[in-house]
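work23.pdb follows; it contains PDB, C-alpha atoms and all ligand atoms.
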ATOM      1  CA  MET A   1      50.590 112.767  98.910
ATOM      2  CA  GLY A   2      47.119 114.058  99.837
ATOM      3  CA  VAL A   3      45.095 115.740  97.082
ATOM      4  CA  ILE A   4      43.266 119.032  97.600
ATOM      5  CA  ASN A   5      41.296 119.865  94.469
ATOM      6  CA  CYS A   6      39.966 123.449  94.532
ATOM      7  CA  THR A   7      37.732 122.752  91.554
ATOM      8  CA  PRO A   8      34.050 122.515  90.709
ATOM      9  CA  ASP A   9      34.552 119.742  88.131
ATOM     10  CA  SER A  10      37.135 117.154  89.249
ATOM     11  CA  PHE A  11      36.157 113.633  88.218
ATOM     12  CA  TYR A  12      35.552 112.534  91.832
ATOM     13  CA  PRO A  13      32.670 114.563  93.296
ATOM     14  CA  GLY A  14      33.818 113.784  96.867
ATOM     15  CA  GLY A  15      37.139 115.485  96.092
ATOM     16  CA  ARG A  16      35.738 118.789  94.782
ATOM     17  CA  HIS A  17      36.350 121.713  97.115
ATOM     18  CA  ARG A  18      35.045 124.697  95.235
ATOM     19  CA  GLU A  19      34.600 127.114  98.163
ATOM     20  CA  PRO A  20      37.811 128.556  99.650
ATOM     21  CA  GLU A  21      36.779 127.605 103.212
ATOM     22  CA  GLN A  22      36.116 124.016 102.126
ATOM     23  CA  ALA A  23      39.503 123.778 100.412
ATOM     24  CA  VAL A  24      41.358 125.209 103.404
ATOM     25  CA  ARG A  25      39.517 122.827 105.733
ATOM     26  CA  ARG A  26      40.504 119.919 103.471
ATOM     27  CA  TYR A  27      44.151 121.070 103.534
ATOM     28  CA  HIS A  28      44.204 120.931 107.337
ATOM     29  CA  GLU A  29      42.473 117.512 107.300
ATOM     30  CA  VAL A  30      44.996 116.116 104.835
ATOM     31  CA  VAL A  31      47.819 117.192 107.168
ATOM     32  CA  GLU A  32      46.053 115.934 110.284
ATOM     33  CA  GLU A  33      45.305 112.559 108.681
ATOM     34  CA  GLY A  34      49.025 111.988 108.209
ATOM     35  CA  ALA A  35      49.918 112.922 104.637
ATOM     36  CA  HIS A  36      53.621 113.523 104.052
ATOM     37  CA  LEU A  37      52.930 115.900 101.143
ATOM     38  CA  ALA A  38      49.922 118.037 100.172
ATOM     39  CA  ASP A  39      49.124 118.538  96.484
ATOM     40  CA  VAL A  40      46.853 121.477  95.673
ATOM     41  CA  GLY A  41      45.251 121.908  92.258
ATOM     42  CA  GLY A  42      42.924 124.461  90.679
ATOM     43  CA  GLU A  43      42.273 122.923  87.270
ATOM     44  CA  SER A  44      40.742 119.532  86.566
ATOM     45  CA  THR A  45      42.676 117.353  84.127
ATOM     46  CA  ARG A  46      39.936 114.739  83.816
ATOM     47  CA  PRO A  47      39.422 113.361  80.289
ATOM     48  CA  GLY A  48      37.628 115.920  78.142
ATOM     49  CA  SER A  49      38.217 118.820  80.563
ATOM     50  CA  GLU A  50      38.867 122.330  79.285
ATOM     51  CA  PRO A  51      41.646 124.539  80.681
ATOM     52  CA  VAL A  52      40.960 127.540  82.941
ATOM     53  CA  THR A  53      42.921 130.823  82.868
ATOM     54  CA  ALA A  54      45.965 131.311  85.082
ATOM     55  CA  GLU A  55      44.090 134.046  86.985
ATOM     56  CA  GLU A  56      41.182 131.711  87.734
ATOM     57  CA  GLU A  57      43.470 128.830  88.677
ATOM     58  CA  TRP A  58      45.496 131.008  91.042
ATOM     59  CA  ALA A  59      42.347 132.474  92.631
ATOM     60  CA  ARG A  60      41.187 128.922  93.378
ATOM     61  CA  ILE A  61      44.387 127.667  95.012
ATOM     62  CA  ALA A  62      45.630 130.883  96.676
ATOM     63  CA  PRO A  63      43.605 130.366  99.905
ATOM     64  CA  VAL A  64      45.231 126.937 100.380
ATOM     65  CA  VAL A  65      48.721 128.226  99.545
ATOM     66  CA  GLU A  66      48.178 130.993 102.111
ATOM     67  CA  ALA A  67      46.767 128.588 104.729
ATOM     68  CA  ALA A  68      49.828 126.352 104.323
ATOM     69  CA  ARG A  69      52.125 129.346 104.769
ATOM     70  CA  ARG A  70      50.250 130.505 107.883
ATOM     71  CA  ALA A  71      50.419 126.968 109.314
ATOM     72  CA  GLY A  72      54.219 127.021 108.811
ATOM     73  CA  HIS A  73      54.231 124.271 106.169
ATOM     74  CA  PRO A  74      53.785 121.220 108.428
ATOM     75  CA  VAL A  75      54.304 119.179 105.228
ATOM     76  CA  PRO A  76      55.775 120.318 101.907
ATOM     77  CA  LEU A  77      53.175 121.831  99.593
ATOM     78  CA  SER A  78      53.088 120.653  95.991
ATOM     79  CA  VAL A  79      51.186 122.562  93.293
ATOM     80  CA  ASP A  80      49.510 120.620  90.499
ATOM     81  CA  THR A  81      49.797 123.039  87.583
ATOM     82  CA  THR A  82      51.118 123.323  84.046
ATOM     83  CA  LYS A  83      51.109 127.140  84.068
ATOM     84  CA  TYR A  84      54.167 129.333  84.604
ATOM     85  CA  ASP A  85      52.356 132.178  86.379
ATOM     86  CA  VAL A  86      50.545 129.868  88.797
ATOM     87  CA  ALA A  87      53.737 127.941  89.571
ATOM     88  CA  ALA A  88      55.762 131.143  90.051
ATOM     89  CA  ARG A  89      53.244 132.674  92.444
ATOM     90  CA  ALA A  90      52.918 129.444  94.435
ATOM     91  CA  LEU A  91      56.693 129.013  94.788
ATOM     92  CA  ASP A  92      57.079 132.671  95.802
ATOM     93  CA  ALA A  93      54.434 132.031  98.473
ATOM     94  CA  GLY A  94      56.293 129.032  99.925
ATOM     95  CA  ALA A  95      55.271 125.973  97.904
ATOM     96  CA  ALA A  96      58.059 123.387  97.782
ATOM     97  CA  MET A  97      57.188 121.326  94.742
ATOM     98  CA  LEU A  98      55.662 121.495  91.251
ATOM     99  CA  ASN A  99      53.528 118.632  89.962
ATOM    100  CA  ASP A 100      53.551 118.919  86.173
ATOM    101  CA  VAL A 101      51.142 116.489  84.480
ATOM    102  CA  SER A 102      52.624 117.401  81.081
ATOM    103  CA  ALA A 103      56.260 116.594  82.003
ATOM    104  CA  LEU A 104      57.384 120.010  80.646
ATOM    105  CA  ARG A 105      55.572 119.590  77.292
ATOM    106  CA  PHE A 106      53.103 122.428  77.941
ATOM    107  CA  GLU A 107      55.516 124.805  79.729
ATOM    108  CA  PRO A 108      59.253 123.982  79.737
ATOM    109  CA  ARG A 109      59.924 127.070  81.876
ATOM    110  CA  LEU A 110      58.519 125.194  84.878
ATOM    111  CA  ALA A 111      61.967 123.591  85.005
ATOM    112  CA  ASP A 112      63.583 127.049  85.275
ATOM    113  CA  LEU A 113      61.323 127.836  88.235
ATOM    114  CA  ALA A 114      62.095 124.525  89.945
ATOM    115  CA  ALA A 115      65.819 125.120  89.398
ATOM    116  CA  HIS A 116      65.668 128.699  90.698
ATOM    117  CA  HIS A 117      63.710 127.778  93.848
ATOM    118  CA  GLY A 118      65.376 124.400  94.456
ATOM    119  CA  ALA A 119      61.853 122.969  94.353
ATOM    120  CA  GLY A 120      60.761 119.377  93.776
ATOM    121  CA  LEU A 121      59.502 118.611  90.277
ATOM    122  CA  VAL A 122      57.116 115.785  89.392
ATOM    123  CA  LEU A 123      57.318 114.861  85.707
ATOM    124  CA  MET A 124      54.163 112.963  84.733
ATOM    125  CA  HIS A 125      53.538 111.316  81.383
ATOM    126  CA  MET A 126      50.422 112.150  79.378
ATOM    127  CA  GLN A 127      49.692 111.187  75.772
ATOM    128  CA  GLY A 128      48.065 114.253  74.132
ATOM    129  CA  THR A 129      46.080 116.743  76.209
ATOM    130  CA  PRO A 130      43.274 116.264  78.746
ATOM    131  CA  ALA A 131      40.789 117.282  76.039
ATOM    132  CA  THR A 132      41.941 114.535  73.663
ATOM    133  CA  MET A 133      43.937 111.962  75.633
ATOM    134  CA  GLN A 134      41.292 109.242  75.944
ATOM    135  CA  ARG A 135      40.460 109.240  72.204
ATOM    136  CA  ASP A 136      41.971 105.905  71.272
ATOM    137  CA  PRO A 137      45.351 106.069  73.044
ATOM    138  CA  ALA A 138      47.908 103.777  71.408
ATOM    139  CA  TYR A 139      51.456 102.558  72.113
ATOM    140  CA  ARG A 140      53.656  99.873  70.618
ATOM    141  CA  ASP A 141      55.092  99.124  74.073
ATOM    142  CA  PRO A 142      53.614 101.427  76.727
ATOM    143  CA  VAL A 143      56.378 100.815  79.276
ATOM    144  CA  ALA A 144      59.255 101.403  76.849
ATOM    145  CA  GLU A 145      57.654 104.438  75.204
ATOM    146  CA  ILE A 146      56.525 106.137  78.403
ATOM    147  CA  ARG A 147      59.842 105.463  80.089
ATOM    148  CA  GLY A 148      61.613 106.916  77.050
ATOM    149  CA  GLU A 149      59.499 110.076  77.114
ATOM    150  CA  LEU A 150      60.069 110.477  80.844
ATOM    151  CA  ALA A 151      63.821 110.059  80.296
ATOM    152  CA  THR A 152      63.671 112.881  77.725
ATOM    153  CA  ALA A 153      61.787 115.088  80.197
ATOM    154  CA  VAL A 154      64.321 114.320  82.953
ATOM    155  CA  SER A 155      67.146 115.322  80.579
ATOM    156  CA  LEU A 156      65.351 118.543  79.643
ATOM    157  CA  ALA A 157      64.890 119.421  83.322
ATOM    158  CA  ALA A 158      68.561 118.688  83.991
ATOM    159  CA  ALA A 159      69.622 120.843  81.030
ATOM    160  CA  ARG A 160      67.633 123.723  82.538
ATOM    161  CA  GLY A 161      69.421 123.359  85.874
ATOM    162  CA  VAL A 162      67.180 121.061  87.918
ATOM    163  CA  ALA A 163      69.270 118.737  90.094
ATOM    164  CA  ALA A 164      68.490 115.026  89.757
ATOM    165  CA  GLU A 165      67.521 114.865  93.451
ATOM    166  CA  GLN A 166      64.674 117.329  92.833
ATOM    167  CA  ILE A 167      62.939 115.131  90.256
ATOM    168  CA  LEU A 168      60.244 112.453  90.590
ATOM    169  CA  VAL A 169      58.728 110.545  87.675
ATOM    170  CA  ASP A 170      55.153 109.340  87.170
ATOM    171  CA  PRO A 171      53.829 107.170  84.301
ATOM    172  CA  GLY A 172      50.488 109.025  84.496
ATOM    173  CA  ILE A 173      47.798 106.431  85.166
ATOM    174  CA  GLY A 174      44.670 107.344  83.175
ATOM    175  CA  PHE A 175      46.318 110.074  81.100
ATOM    176  CA  GLY A 176      46.017 108.781  77.533
ATOM    177  CA  LYS A 177      45.861 105.104  78.529
ATOM    178  CA  THR A 178      43.393 102.260  78.092
ATOM    179  CA  LEU A 179      42.566  99.829  80.888
ATOM    180  CA  ALA A 180      45.156  97.426  79.468
ATOM    181  CA  HIS A 181      47.808 100.174  79.352
ATOM    182  CA  ASN A 182      47.140 101.151  82.978
ATOM    183  CA  LEU A 183      47.367  97.544  84.151
ATOM    184  CA  THR A 184      50.572  96.961  82.178
ATOM    185  CA  LEU A 185      52.131 100.070  83.709
ATOM    186  CA  LEU A 186      51.251  98.908  87.222
ATOM    187  CA  ALA A 187      52.366  95.335  86.565
ATOM    188  CA  ARG A 188      55.713  96.502  85.140
ATOM    189  CA  LEU A 189      56.253  99.583  87.317
ATOM    190  CA  ASN A 190      59.579  98.161  88.495
ATOM    191  CA  GLU A 191      60.952  98.835  84.977
ATOM    192  CA  PHE A 192      60.712 102.589  85.639
ATOM    193  CA  ALA A 193      63.463 102.193  88.254
ATOM    194  CA  LEU A 194      65.889 102.442  85.315
ATOM    195  CA  LEU A 195      65.195 106.191  85.300
ATOM    196  CA  GLY A 196      66.978 106.406  88.642
ATOM    197  CA  ARG A 197      64.370 108.720  90.186
ATOM    198  CA  PRO A 198      61.639 108.081  92.782
ATOM    199  CA  ILE A 199      58.350 106.931  91.244
ATOM    200  CA  LEU A 200      55.069 108.678  92.050
ATOM    201  CA  ILE A 201      51.799 106.953  91.177
ATOM    202  CA  GLY A 202      48.207 108.189  91.163
ATOM    203  CA  CYS A 203      45.446 105.584  90.846
ATOM    204  CA  SER A 204      43.089 107.267  93.283
ATOM    205  CA  ARG A 205      39.472 106.406  92.355
ATOM    206  CA  LYS A 206      40.322 106.514  88.632
ATOM    207  CA  GLY A 207      38.249 105.195  85.740
ATOM    208  CA  PHE A 208      40.220 101.987  85.191
ATOM    209  CA  LEU A 209      39.168 100.893  88.692
ATOM    210  CA  GLY A 210      35.568 101.610  87.726
ATOM    211  CA  ALA A 211      36.014  99.436  84.654
ATOM    212  CA  ILE A 212      37.140  96.552  86.856
ATOM    213  CA  LEU A 213      34.740  97.102  89.755
ATOM    214  CA  ASP A 214      31.780  98.388  87.748
ATOM    215  CA  GLY A 215      31.158 101.364  90.032
ATOM    216  CA  PRO A 216      31.427 105.172  90.232
ATOM    217  CA  PRO A 217      34.374 107.023  91.872
ATOM    218  CA  ALA A 218      32.613 106.964  95.260
ATOM    219  CA  GLU A 219      32.874 103.138  95.251
ATOM    220  CA  ARG A 220      36.546 102.797  94.338
ATOM    221  CA  LEU A 221      38.399 103.108  97.645
ATOM    222  CA  GLU A 222      39.216  99.413  98.086
ATOM    223  CA  GLY A 223      40.332  99.205  94.466
ATOM    224  CA  THR A 224      42.531 102.254  94.978
ATOM    225  CA  LEU A 225      44.177 100.709  98.039
ATOM    226  CA  ALA A 226      44.847  97.461  96.146
ATOM    227  CA  ALA A 227      46.335  99.280  93.152
ATOM    228  CA  HIS A 228      48.518 101.480  95.346
ATOM    229  CA  ALA A 229      49.710  98.503  97.394
ATOM    230  CA  ALA A 230      50.696  96.765  94.150
ATOM    231  CA  ALA A 231      52.471  99.941  93.002
ATOM    232  CA  VAL A 232      54.456 100.266  96.219
ATOM    233  CA  CYS A 233      55.463  96.589  96.032
ATOM    234  CA  ALA A 234      56.723  97.319  92.507
ATOM    235  CA  GLY A 235      58.800 100.280  93.676
ATOM    236  CA  ALA A 236      56.577 103.391  93.933
ATOM    237  CA  SER A 237      57.788 105.823  96.609
ATOM    238  CA  VAL A 238      54.856 108.258  96.608
ATOM    239  CA  VAL A 239      51.132 107.598  96.160
ATOM    240  CA  ARG A 240      48.837 110.512  95.295
ATOM    241  CA  VAL A 241      45.519 109.975  97.102
ATOM    242  CA  HIS A 242      42.144 111.486  97.953
ATOM    243  CA  ASP A 243      41.764 109.242 101.042
ATOM    244  CA  VAL A 244      44.686 109.998 103.312
ATOM    245  CA  ARG A 245      43.615 108.261 106.520
ATOM    246  CA  ALA A 246      42.831 104.951 104.793
ATOM    247  CA  HIS A 247      46.155 105.047 102.947
ATOM    248  CA  VAL A 248      48.215 105.874 106.024
ATOM    249  CA  ARG A 249      46.777 102.796 107.749
ATOM    250  CA  ALA A 250      47.132 100.525 104.720
ATOM    251  CA  MET A 251      50.695 101.678 104.000
ATOM    252  CA  LYS A 252      51.692 101.136 107.638
ATOM    253  CA  VAL A 253      50.857  97.447 107.247
ATOM    254  CA  LEU A 254      52.502  97.230 103.830
ATOM    255  CA  ASP A 255      55.651  98.926 105.137
ATOM    256  CA  ALA A 256      55.812  96.399 107.981
ATOM    257  CA  VAL A 257      55.560  93.503 105.533
ATOM    258  CA  LEU A 258      58.170  95.001 103.207
ATOM    259  CA  ALA A 259      60.513  95.646 106.153
ATOM    260  CA  ALA A 260      60.193  91.983 107.159
ATOM    261  CA  ARG A 261      60.920  90.922 103.589
ATOM    262  CA  SER A 262      64.080  93.015 103.465
ATOM    263  CA  GLY A 263      65.188  91.671 106.853
ATOM    264  CA  THR A 264      65.099  95.022 108.690
ATOM    265  CA  VAL A 265      62.765  93.518 111.327
ATOM    266  CA  SER A 266      63.864  90.532 113.391
ATOM    267  CA  ARG A 267      61.647  87.492 113.150
ATOM    268  CA  ASP A 268      60.778  87.736 116.868
ATOM    269  CA  ALA A 269      59.830  91.423 116.766
TER     270      ALA A 269
HETATM  271  N1  LIG B   1      46.219 112.522  88.538
HETATM  272  C1  LIG B   1      45.382 113.578  88.541
HETATM  273  C2  LIG B   1      45.878 114.882  88.713
HETATM  274  N2  LIG B   1      47.192 115.098  88.916
HETATM  275  N3  LIG B   1      49.383 114.275  89.148
HETATM  276  C3  LIG B   1      50.240 113.244  89.151
HETATM  277  N4  LIG B   1      51.547 113.454  89.340
HETATM  278  N5  LIG B   1      49.809 111.948  88.967
HETATM  279  C4  LIG B   1      48.491 111.653  88.759
HETATM  280  O1  LIG B   1      48.158 110.461  88.569
HETATM  281  C5  LIG B   1      47.555 112.739  88.740
HETATM  282  C6  LIG B   1      48.052 114.056  88.940
HETATM  283  C7  LIG B   1      43.924 113.361  88.339
HETATM  284  O2  LIG B   1      43.250 113.228  89.566
HETATM  285  P1  LIG B   1      42.425 114.382  90.293
HETATM  286  O3  LIG B   1      43.299 115.556  90.610
HETATM  287  O4  LIG B   1      41.736 113.797  91.443
HETATM  288  O5  LIG B   1      41.309 114.758  89.236
HETATM  289  P2  LIG B   1      41.017 116.059  88.380
HETATM  290  O6  LIG B   1      42.156 116.236  87.428
HETATM  291  O7  LIG B   1      39.702 115.763  87.708
HETATM  292  O8  LIG B   1      40.921 117.239  89.328
END

Would you give me this structure, written as structure tokens?
Ligand code: HH2
Amino acid sequence: MGVINCTPDSFYPGGRHREPEQAVRRYHEVVEEGAHLADVGGESTRPGSEPVTAEEEWARIAPVVEAARRAGHPVPLSVDTTKYDVAARALDAGAAMLNDVSALRFEPRLADLAAHHGAGLVLMHMQGTPATMQRDPAYRDPVAEIRGELATAVSLAAARGVAAEQILVDPGIGFGKTLAHNLTLLARLNEFALLGRPILIGCSRKGFLGAILDGPPAERLEGTLAAHAAAVCAGASVVRVHDVRAHVRAMKVLDAVLAARSGTVSRDA
């Protein structure tokens, strides 16, 4: 899943596409570089960020939503939003998926929209809100608690008419988690398989990698690839990334190794 952030303030400066032309160009690059999904967002959710209005958020992403429609949706378009109006307009304009970083806590009606449109729905765990989430996050057992909250969100979506096949789950790396929490979630990602839904993971250039590598977001590509490889080995189906080309190449090798492990490739091939 290739990220297109139409924002002036995302945590990774290299991923900020504030001008409409820049964002549209990035959309086409993401597709060309081999992404299977494109995820467009118009509001940063970095720690300490403040929300923008629905009007502003829609104005930011609309050029990309329109470009995807004009291109005939070469890959499904996902919209990273927690707002009903933004989600409704994007789905009406052809988006195929909602990426909700609040797992229906901020706006339960996103489930109604996903049900009505037959759209995909990513339910991502966050403790608190972006403004507060990194102020001393705490869990007794992060895996058990986060899995439990995701199970509740999956049930809520189902109760509002979303079919199980439409739902993906995401433990929300960096969203109300310490370095130790993030590492535990990655190390025990296989335990989220109990939810019975595909797992999406987003480690791309995030702060926990900076804590390990002692470098800014611009210097976290190798760390991102390592974390995503570990996540896929532990069962992740979708990785949300800023660097599509590098991931397509890395995942091609990983897929080949995993195919050999599962015996789908002959030893002589
Ligand atoms: N991470 C970010 C945003 N949306 N969605 C899902 N499902 N999973 C994630 O891990 C995730 C997400 C944060 O990254 P980014 O969009 O690059 O930053 P910002 O929120 O500062 O724009």

**Request:** Starting from the displayed file, determine the output of the PyMOL selection byres (((chain A and resi 211-222) around 10) and not hetatm) and express the residue list as a PyMOL selection string.
**Result:** chain A and resi 11-15+179+203-210+223-228+241-243+246-247

**Request:** Would you mind listing what lies within 10 Å of range 47-49 of chain A as a list in words, with all atoms listed in the file counted and same-chain residues fewer than 4 positions away left out?
**Result:**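 Residues meeting the cut-off are Asp9, Ser10, Phe11, Glu43, Thr129, Pro130, Ala131, Thr132, Met133, Gln134, Arg135, Gly174, Phe175, Gly176 and Gly207 of chain A.
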
Write out the residues from the selection above, keeping C-alpha atoms, as a compact mmCIF listing (two decimals), in the coordinates of the input.
# COMPACT_ATOMS: atom_id res chain seq x y z
CA ASP A 9 34.55 119.74 88.13
CA SER A 10 37.14 117.15 89.25
CA PHE A 11 36.16 113.63 88.22
CA GLU A 43 42.27 122.92 87.27
CA THR A 129 46.08 116.74 76.21
CA PRO A 130 43.27 116.26 78.75
CA ALA A 131 40.79 117.28 76.04
CA THR A 132 41.94 114.54 73.66
CA MET A 133 43.94 111.96 75.63
CA GLN A 134 41.29 109.24 75.94
CA ARG A 135 40.46 109.24 72.20
CA GLY A 174 44.67 107.34 83.18
CA PHE A 175 46.32 110.07 81.10
CA GLY A 176 46.02 108.78 77.53
CA GLY A 207 38.25 105.20 85.74

**Message:** Show me which residues are within 6 Å of ligand LIG 1 (chain B) counting all atoms listed in the file, and format the list as a list in words.
**Reply:** Asn5, Ser10, Phe11, Ser44, Thr45, Arg46, Asn99, Val101, Met124, Asp170, Gly172, Ile173, Ile201 and Gly202 of chain A

**Near-Ala68 in chain A list (8 Å; all atoms listed in the file; drop same-chain fewer than 6 positions) as a VMD selection string** = chain A and resid 27 74 77

**Complete:** Taken to one decimal, the CA of Glu165 in chain A-CA of Ala54 in chain A distance is 28.4 Å

Output, as AutoDock Vina command-line options, the centre and edge lengths in Å (one decimal) of the axis-aligned box that contains all listed atoms of range 2-8 of chain A with 8 Å of margin on each side.
--center_x 40.6 --center_y 118.8 --center_z 95.3 --size_x 29.1 --size_y 25.4 --size_z 25.1

**From A:Ile61, A:Ala119, A:Ala87, A:Ala35, residue lying nearest Gln166 in chain A [all atoms listed in the file]** =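 Under the stated criterion, the closest residue is A:Ala119.
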
**Prompt:** Could you pull the residues within 8 Å of range 137-151 of chain A, counting all atoms listed in the file, minus those fewer than 2 positions along the same chain, as an NGL selection string?
**Reply:** :A and (103 or 123-125 or 127 or 133-135 or 153-155 or 169 or 171 or 176-178 or 181 or 184-185 or 188 or 191-192 or 195)

**Message:** Can you pull out the residues contacting Pro20 in chain A? Cut-off 12 Å, using only C-alpha atoms, and skip same-chain residues under 4 positions away; I want them as a VMD selection string.
**Reply:** chain A and resid 4 to 8 16 24 to 27 42 58 to 67

Within 6 Å of range 111-118 of chain A, which residues of range 156-220 of chain A show up? Give each one with its shortest atom-to-atom distance in Å (one decimal) and the two atoms involved, counting only C-alpha atoms, rows by chain then rising residue number, as JSON lines.
{"residue": "A:Ala157", "atom": "CA", "partner": "A:Ala111", "partner_atom": "CA", "distance": 5.4}
{"residue": "A:Arg160", "atom": "CA", "partner": "A:Asp112", "partner_atom": "CA", "distance": 5.9}
{"residue": "A:Gly161", "atom": "CA", "partner": "A:Ala115", "partner_atom": "CA", "distance": 5.3}
{"residue": "A:Val162", "atom": "CA", "partner": "A:Ala115", "partner_atom": "CA", "distance": 4.5}

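Checking A:Val52, A:Val79, A:Ala193, A:Leu168 one by one against Val239 in chain A, counting only C-alpha atoms, you find the shortest gap at A:Leu168.
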
**Between CA of Gly94 in chain A and CA of Glu56 in chain A - distance in Å to one decimal** =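 These atoms are spaced 19.6 Å apart.
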
**Asked** Expressed in Å to a single decimal, how great is the separation between CA of Cys233 in chain A and CA of Val3 in chain A?
**Response** 21.8 Å

**Asked** Which residue, A:Leu37, A:Met126, A:Leu258, A:Leu121, has the smallest gap to Ser102 in chain A when you use all atoms listed in the file?
**Response**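 Going through A:Leu37, A:Met126, A:Leu258, A:Leu121 one by one, the smallest distance to Ser102 in chain A is for A:Met126.
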
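Here the question is which of A:Pro76, A:Arg18, A:Met1, A:Asp92 gets nearest to Leu200 in chain A using all atoms listed in the file, and that residue is A:Met1.
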
**Prompt:** Closest to Met97 in chain A among A:Glu57, A:Ala159, A:Ile167, A:Asp85, using all atoms listed in the file?
**Reply:**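 For Met97 in chain A, the nearest of the given residues is A:Ile167.
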